[in-house]
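Below: one structure, written as C-alpha cells.
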Amino acid sequence: MRHRQAIALAAVALVGLTGCDGPDPNNLETYYDDPVPTSSTAPPAPAPKTSEVPMSPAKATPAAPDLGGLAQRALLSDADVAEEGVQPASGEASGCLTGPASAGSRTATWHYPSGSVLSHRVVAYPDRTAAGVVADADCAGRTVSVPAQAGVERQRAWCEGKTCTVLLAKGSLVSVLTVSASTETRAVDAAKRLLPAMTAKLAAQP
C-alpha cells in the first residue's frame, strides 16, 4: 500500500515539474507573442510640379508728350518783354512761319505805345525736328543778320518791309519772334534786344 502511494506522489510531482516549462499565463512577456506590425500607411507622394511660365509684364505705353506745355514753357512772358515798354494785346502772330493755333503751339502778342506790334510764337513738332523746319522755311523778304545764339540748333532771320522775323530751333521746338515797327531798322533792333530772353527760354527746354 505504501509503495503505491509513493508511486502516485512521484507521478504528481513529475507532472508539476513538466508544467513549469510552459508559458506563464500571468507573465505578459512570455505568454503573448510580440504583435506583428501591420503595414504602415506611407505618406502620399507629392503631386508633380507643373511648369509655371512667368507672365511677361505688360509693356507700358509711353505717355504722349505734352506739346502744349512744352511750347508754353518756351514762350516769352510779360516780364521777359517788360523793358520794351509794351502792353499785352490780343491777336495772332504775323510774319514768317505762322499759322492757325494748334495743340502744340502758344502765342503771345504785345503793343508798343507807338503802335508797333511784337509777337512771339512757339510751335512744337511731334514728328519733325525743329532744325529741319527752320532749314526748310521759305519766308518772303530778304535775309538779315542777327547775333548768333548759343544753345540753339538753327537760326534764321528775314525782313519784309517793316516786319522782321527771327526763327530759332531746338529739339522739337521752333521759336518765332516777329516785330512790326515804323521802320525796318527799328524792327531789327527790337528783335536783337529780345533775342537773349527768347534763346534762354528755348534752351531751357529738353
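Simple scheme: letters A, B, ... for chains in C-alpha cells order, numbers from 1 for residues in each chain, numbers from 1 for ligands in the order shown.
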Counting only C-alpha atoms, which residues of stretch 67-134 of chain A fall within 7 Å of stretch 139-162 of chain A, and what is the closest atom pair for each with its distance in Å at one decimal, ordered by chain and rising number, as JSON lines?
```
{"residue": "A:Cys96", "atom": "CA", "partner": "A:Cys139", "partner_atom": "CA", "distance": 5.4}
{"residue": "A:Ala131", "atom": "CA", "partner": "A:Arg154", "partner_atom": "CA", "distance": 5.4}
{"residue": "A:Val134", "atom": "CA", "partner": "A:Arg154", "partner_atom": "CA", "distance": 6.9}
```
Pick from A:Ala108, A:Ala135, A:Val166, A:Ala74, whichever lies nearest to A:Ala190 using only C-alpha atoms
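Of the candidates, the smallest distance to A:Ala190 is held by A:Val166.
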Separation of atom CA of A:Gly104 from atom CA of A:Asp66 in Å:
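According to the coordinates, atom CA of A:Asp66 and atom CA of A:Gly104 are separated by 8.0 Å.
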